[in-house]
2 protein chains.
Amino acid sequence: MNIYDIAAKCGVSIATVSRVLNNNPNVSNRTREKVLAVMQEENYTPSSMARGLGTGYTRMVGLVCAAPHSPLSAEAIGYIEGALHAEGMTTLLRTIGTQAEDVKQELDELAQQGVDAILLVGSVPGTEENTACLEAAACRAPLVLVGSYLPLTGAYSVTCDEKKAVTELIAALFGRQRRNVLLLHSGDTYADREKIAGYREGYTAAGYTADDQRIIPVEPSLDAVNACIKQLLVKGVSFDAVIGTEDILALGAQKALQRIGLTMPVIGCGNSLLARCSTPELTSIDTHPEALCRTAVEVLCHRLRGEEVAAHTVLSADLMERDTFRRN
Amino acid sequence: MNIYDIAAKCGVSIATVSRVLNNNPNVSNRTREKVLAVMQEENYTPSSMARGLGTGYTRMVGLVCAAPHSPLSAEAIGYIEGALHAEGMTTLLRTIGTQAEDVKQELDELAQQGVDAILLVGSVPGTEENTACLEAAACRAPLVLVGSYLPLTGAYSVTCDEKKAVTELIAALFGRQRRNVLLLHSGDTYADREKIAGYREGYTAAGYTADDQRIIPVEPSLDAVNACIKQLLVKGVSFDAVIGTEDILALGAQKALQRIGLTMPVIGCGNSLLARCSTPELTSIDTHPEALCRTAVEVLCHRLRGEEVAAHTVLSADLMERDTFRRN
DNA sequence: TTGAAAGCGGTACCAT
DNA sequence: ATGGTACCGCTTTCAA
């Protein structure tokens, strides 16, 4: 069932049917109603491919997701699809590994599929090559980075101020006489770098200097964190509080400390289900993923309508205090 | 840059370029190499829309996901996209609420976008209307149900045998003299019904009859479960073990019991991160989501190649024993 | 081995 | 308000 069939059944031309399809006012009410009726009864829906070929845009957006198995990304995918769908757009999903050898290929494929824009969730390594192909992609179609920032022409970032949140957190910990805060992070992503910067700034603001030996990269798994904590204690690195740049890191630390019989403030980031589900419940920096995603989609849509949008939108992040902060 | 530009630059016709694009053997090596070289240097990629219009298929599959925010669905989305991508297919994501008023619209939209097939993750309510529109969708394009089963012509299901797993679990609990097992479930999905059936069968196999007052529907949130457990105790419903049809339900029960000071076996389902992250660690039925998703994609691809595939593929589920089973 | 040309299902401009 | 028609970029006969 195509536009020709509908036109024939209505005794009008395809141009008229097309007008009805596109809410063009230049159609008489009688004609419009007849066409609509026939479309209804034939259960006709126009092919978006043919439409895309004609107009040059598809109302499809590519959602490139690094680390799709992390709970955060998963949550984000749902929020973004929901927001895009509310705007009448379709989400074309692609997941990539964190090493992201294949960023270029994915972006090329998306371009080939004719997406109107691309959203990138999570950070890819900021290698020259990646930067180059992101910039190239940003030329073809608007590119919005969700949760990371790169100074690319044509790219827009939406992040939340985790740096500030960590700085404030350090101040709060200092207020409780915790001066040797361990910072566990999981890699070299933008979010991690921000949190590390916030950590350093917190120390500086308090008149101290952060000690690099308490800034530890570790795999985001319970076992890895457990091993890491043990090793630190063996090496004689002392600490009186722990921040994890992801909830899973904080939780791993908490479990390791529980095993050893130590108690201290443990703070995660993401305010995920894990934070509420652990025992005791984990204090965590809430990065408001839903707001982040909604904002990203808003930025995208504004940009698609040709409006000016800020290259970098920063939302706030704030501490959700729970057991592991109150009691210690 | 389109096929005409490439053809012109090569001094050949678009037909020849198209042949090269489609690995048609009827092209001389000289010509093929020249065309490939030009395509490379122009960084040309064919428009998949135009291709789709020409051929009638798009290598896109619609992934309809009920309850996208549940960790399981989230995980599944990642696995499925990965598997589809490995087969050269693109995932068109759509999330729907569990009430699923809009199933029909989503399916129609996917058809309009020209997807070659549809995957449905999670269960939609088995209303007549839903069944009808699923059947209609299954006529247009192969439909694969992941984690649920409906007897529809043209639809294929891939599930795992949670019923059997629960039956065996009941037997194991009876072996430990636990005869009053509470079953918390979260709704009326296929998976829930299967688990309830398994629960009943377990009792029957042991020569008992399951007591309906221990089969309780409850919202999948910690607070709701906590309230539910308290209420049961107030009402005088006694139980000596708990099964949750999702890890979050089991975890909620465990936390509620901890608060009261009770200890008993608590078993979840899904073997999610939650199970490993709780304290004590939760025993959980592993439903092997990755295998499930891979299998679903395999079924889909076989079907797309025109091969015969089973209408219902059932994988095994098995118990992952942890703290909450061993010690009690 | 190659080219010409008719679709695929729409959009949009130009007439009427 | 309506119809005619040239695209959009590619596939696929049919001829040569």
# chains A, B, ... in the order shown; residues from 1 in each chain; ligands from 1
>>> interface_residues(of="chain D", to="chain A", cutoff="12 Å", atoms="only C-alpha atoms (C1' of nucleotides)", output="list in words")
DA1, DT2, DG3, DG4, DT5, DA6, DC7, DC8, DG9 and DC10 of chain D
>>> interface_residues(of="chain C", to="chain A", cutoff="6 Å", atoms="only C-alpha atoms (C1' of nucleotides)", output="ChimeraX atom specification")
/C:9-11
>>> write_last_selection(atoms="C-alpha atoms (C1' of nucleotides)", output="PDB file, in the first residue's frame")
ATOM      1  C1'  DG C   9       7.705   5.670  -2.369  1.00  0.00           C
ATOM      2  C1'  DG C  10       7.758   9.674  -1.289  1.00  0.00           C
ATOM      3  C1'  DT C  11       8.587  15.468  -1.668  1.00  0.00           C
TER       4       DT C  11
END
>>> residues_around(residues="Ala210 (chain B)", least_positions_apart="2", cutoff="9 Å", atoms="only C-alpha atoms (C1' of nucleotides)", output="list in words")
Asn180, Val181, Tyr199, Arg200, Glu201, Gly202, Tyr203, Thr204, Tyr208, Asp212, Gln213, Arg214 and Ile215 of chain B
>>> residues_around(residues="Gly78 (chain A)", least_positions_apart="5", cutoff="12 Å", atoms="only C-alpha atoms (C1' of nucleotides)", output="ChimeraX atom specification")
/A:63,65,68,71-73,83-85,91,93,121,289-290,293-294 /B:64-71,73-75,77-78,93-97
>>> atom_distance(atom1="CA of Asn24 (chain B)", atom2="CA of Ala141 (chain B)")
27.3 Å
>>> residues_around(residues="Ala275 (chain A)", least_positions_apart="3", cutoff="9 Å", atoms="only C-alpha atoms (C1' of nucleotides)", output="list in words")
Asp247, Ile248, Ala250, Leu251, Gly268, Cys269, Gly270, Asn271, Ser272, Ser278, Thr279, Pro280, Glu281, Leu282, Thr283, Ser284 and Arg322 of chain A
>>> atom_distance(atom1="CA of Leu222 (chain A)", atom2="CA of Leu249 (chain A)")
7.1 Å
>>> select_by_dssp(residues="region 3-231 of chain A", states="alpha helix (DSSP H)", output="number ranges by chain")
A: 3-10, 14-21, 29-41, 48-55, 71-86, 103-113, 128-140, 162-175, 190-205, 222-231
>>> write_last_selection(atoms="C-alpha atoms", output="tab-separated table (two decimals), in the first residue's frame")
chain	number	residue	atom	x	y	z
A	3	ILE	CA	0.81	6.73	-1.98
A	4	TYR	CA	-0.25	5.80	-5.51
A	5	ASP	CA	-2.77	3.27	-4.27
A	6	ILE	CA	-4.25	5.78	-1.87
A	7	ALA	CA	-4.41	8.43	-4.57
A	8	ALA	CA	-6.13	6.03	-6.96
A	9	LYS	CA	-8.69	4.93	-4.38
A	10	CYS	CA	-9.47	8.57	-3.64
A	14	ILE	CA	-0.37	11.65	-5.30
A	15	ALA	CA	0.50	15.31	-4.79
A	16	THR	CA	-2.74	15.79	-2.93
A	17	VAL	CA	-2.21	12.72	-0.82
A	18	SER	CA	1.27	13.96	-0.01
A	19	ARG	CA	-0.20	17.28	1.05
A	20	VAL	CA	-2.59	15.57	3.39
A	21	LEU	CA	0.29	13.56	4.77
A	29	ASN	CA	-11.66	19.81	3.84
A	30	ARG	CA	-13.70	17.41	1.78
A	31	THR	CA	-10.66	16.05	0.01
A	32	ARG	CA	-8.61	15.88	3.16
A	33	GLU	CA	-11.27	13.92	4.97
A	34	LYS	CA	-11.74	11.49	2.16
A	35	VAL	CA	-8.01	10.86	1.91
A	36	LEU	CA	-7.68	10.46	5.65
A	37	ALA	CA	-10.55	8.02	5.67
A	38	VAL	CA	-9.01	5.88	2.96
A	39	MET	CA	-5.62	5.95	4.65
A	40	GLN	CA	-7.27	4.83	7.84
A	41	GLU	CA	-9.23	2.02	6.29
A	48	SER	CA	9.97	6.83	6.17
A	49	MET	CA	12.75	5.69	3.87
A	50	ALA	CA	11.14	7.15	0.82
A	51	ARG	CA	10.41	10.25	2.82
A	52	GLY	CA	14.00	10.46	3.93
A	53	LEU	CA	15.24	10.11	0.38
A	54	GLY	CA	13.04	12.98	-0.70
A	55	THR	CA	13.61	15.39	2.14
A	71	PRO	CA	24.00	0.64	34.87
A	72	LEU	CA	24.38	4.34	34.21
A	73	SER	CA	24.55	3.98	30.46
A	74	ALA	CA	21.65	1.59	30.58
A	75	GLU	CA	19.56	4.08	32.46
A	76	ALA	CA	20.62	6.83	30.12
A	77	ILE	CA	19.63	4.84	27.08
A	78	GLY	CA	16.10	4.53	28.40
A	79	TYR	CA	15.80	8.19	29.25
A	80	ILE	CA	17.19	9.35	25.96
A	81	GLU	CA	15.04	7.10	23.87
A	82	GLY	CA	12.02	8.29	25.81
A	83	ALA	CA	12.85	11.95	25.33
A	84	LEU	CA	13.65	11.54	21.64
A	85	HIS	CA	10.50	9.59	21.05
A	86	ALA	CA	8.48	12.35	22.69
A	103	VAL	CA	34.42	4.88	16.93
A	104	LYS	CA	35.15	5.98	13.41
A	105	GLN	CA	33.39	3.06	11.82
A	106	GLU	CA	30.32	3.48	13.97
A	107	LEU	CA	30.07	7.15	13.17
A	108	ASP	CA	30.50	6.50	9.46
A	109	GLU	CA	27.82	3.86	9.53
A	110	LEU	CA	25.45	6.21	11.28
A	111	ALA	CA	26.09	8.86	8.67
A	112	GLN	CA	25.38	6.31	5.99
A	113	GLN	CA	22.08	5.48	7.66
A	128	GLU	CA	43.81	12.42	18.37
A	129	GLU	CA	42.21	9.93	16.07
A	130	ASN	CA	38.96	9.84	18.01
A	131	THR	CA	38.91	13.60	18.25
A	132	ALA	CA	39.40	13.87	14.52
A	133	CYS	CA	36.59	11.55	13.61
A	134	LEU	CA	34.25	13.10	16.16
A	135	GLU	CA	34.97	16.46	14.63
A	136	ALA	CA	34.30	15.06	11.19
A	137	ALA	CA	31.02	13.61	12.42
A	138	ALA	CA	30.08	16.92	14.01
A	139	CYS	CA	30.45	18.54	10.60
A	140	ARG	CA	27.97	16.21	8.95
A	162	GLU	CA	30.87	16.48	39.43
A	163	LYS	CA	34.06	18.42	39.95
A	164	LYS	CA	32.35	20.92	42.18
A	165	ALA	CA	30.46	18.16	43.96
A	166	VAL	CA	33.70	16.40	44.82
A	167	THR	CA	35.35	19.63	45.93
A	168	GLU	CA	32.47	20.26	48.29
A	169	LEU	CA	32.58	16.69	49.45
A	170	ILE	CA	36.23	17.01	50.36
A	171	ALA	CA	35.41	20.15	52.33
A	172	ALA	CA	32.69	18.27	54.18
A	173	LEU	CA	35.07	15.44	54.95
A	174	PHE	CA	37.69	17.89	56.19
A	175	GLY	CA	34.97	19.31	58.42
A	190	TYR	CA	36.22	12.93	31.25
A	191	ALA	CA	34.06	12.34	34.29
A	192	ASP	CA	36.95	10.72	36.11
A	193	ARG	CA	39.30	13.55	35.29
A	194	GLU	CA	36.78	16.06	36.53
A	195	LYS	CA	36.35	14.24	39.79
A	196	ILE	CA	40.09	14.00	40.26
A	197	ALA	CA	40.39	17.71	39.59
A	198	GLY	CA	37.65	18.35	42.12
A	199	TYR	CA	39.47	16.23	44.64
A	200	ARG	CA	42.66	18.20	44.16
A	201	GLU	CA	40.82	21.47	44.33
A	202	GLY	CA	39.20	20.42	47.56
A	203	TYR	CA	42.58	19.84	49.12
A	204	THR	CA	43.96	23.07	47.76
A	205	ALA	CA	41.00	25.03	49.08
A	222	LEU	CA	33.99	-5.86	43.51
A	223	ASP	CA	36.91	-8.28	43.35
A	224	ALA	CA	39.31	-5.79	41.85
A	225	VAL	CA	38.46	-3.16	44.43
A	226	ASN	CA	38.79	-5.67	47.23
A	227	ALA	CA	42.25	-6.63	46.06
A	228	CYS	CA	43.15	-3.00	45.64
A	229	ILE	CA	42.13	-2.03	49.17
A	230	LYS	CA	44.03	-4.92	50.65
A	231	GLN	CA	47.10	-4.05	48.70
>>> closest_residue(among="B:Leu152, B:Ile216, B:Ala256, B:Val314", to="chain A", atoms="only C-alpha atoms")
B:Ala256
